[in-house]
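J.: Before I ask anything, here is the structure I am working with.
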Amino acid sequence: MDSKHQRVKLNDGHFMPVLGFGTYAPAEVPKDKALEATKLAIEVGFRHVDCAHIYNNEAQVGLAIRSKIADGSVKREDIFYTSKLWSNSHRPELVRPALERSLKNLQLDYVDLYLIHFPVSVKEDIGIITWKKSPKHNS
């Protein structure tokens with residue numbers, strides 16, 4: 001797979017690989033399979049890795065990415081990592097802690113893309129406002 005040519009330029013100038021490796025697996029699949037599969041995906045050329053806190057395998061996916069960085073296969077900037085905000089954290093004051101929890105699980109410094117996993121709130125989180133535009137940004 002030639003990942004350098006299969007990417008799209010984002011509005012901020014960064015590039016996102018168009019083909020991503022999804023890490024969701026049903027609960028009955030052992031978590032170590034996420035580690036093995038993610039390592040293999042990187043070895044065969046995937047540079048976009050998609051995960052989410054709700055998948056309960058961020059630690060294994062993060063370990064796979066870090067191990068491929070450590071063995072020299074890739075650099076962190078070669079991997080485009082997507083994570084997702086789950087539906088119980090849509091209130092603005094819950095977004096950053098949810099992201100920080102994912103980063104801690106992954107043991108990564110940043111994610112490249114953070115999406116709203118499913119645009120419907122659950123439990124006591126009834127609020128619709130997930131994102132507030134910063135007063136210092138006009139767009």
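All residue names refer to the structure tokens as shown: chains lettered A, B, ... in order, residues numbered from 1 in each chain, ligands numbered from 1 in order.
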Would you kindly return, as a ChimeraX atom specification, each protein, DNA or RNA residue with an atom no farther than 7 Å from any atom of range 40-49 of chain A, considering only C-alpha atoms and excluding same-chain residues fewer than 3 positions away?
T.: /A:1,3,17,19-22,36-37,78-82
J.: Contacts of Leu99 in chain A at 12 Å or less, counting only C-alpha atoms, minus same-chain residues fewer than 5 places along, as a ChimeraX atom specification?
T.: /A:52-53,58,82-86,89-90,92-94,104-116
J.: Counting only C-alpha atoms, figure out which residue out of A:Leu63, A:Ala34, A:Ile54, A:Val120 gets nearest to Ser87 in chain A.
T.: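 Among A:Leu63, A:Ala34, A:Ile54, A:Val120, it is A:Val120 that comes nearest to Ser87 in chain A.
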J.: Which one of A:Glu28, A:Asp71, A:Glu100, A:Glu77 sits closest to Asn56 in chain A if you count only C-alpha atoms?
T.: A:Glu28
J.: What's the separation between CA of Asp32 in chain A and CA of Val61 in chain A, in Å to one decimal place?
T.: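 Distance between the two atoms: 9.2 Å.
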J.: Record the distance separating CA of Tyr55 in chain A and CA of Lys33 in chain A, expressed in Å with one decimal.
T.: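 CA of Lys33 in chain A lies at a distance of 12.7 Å from CA of Tyr55 in chain A.
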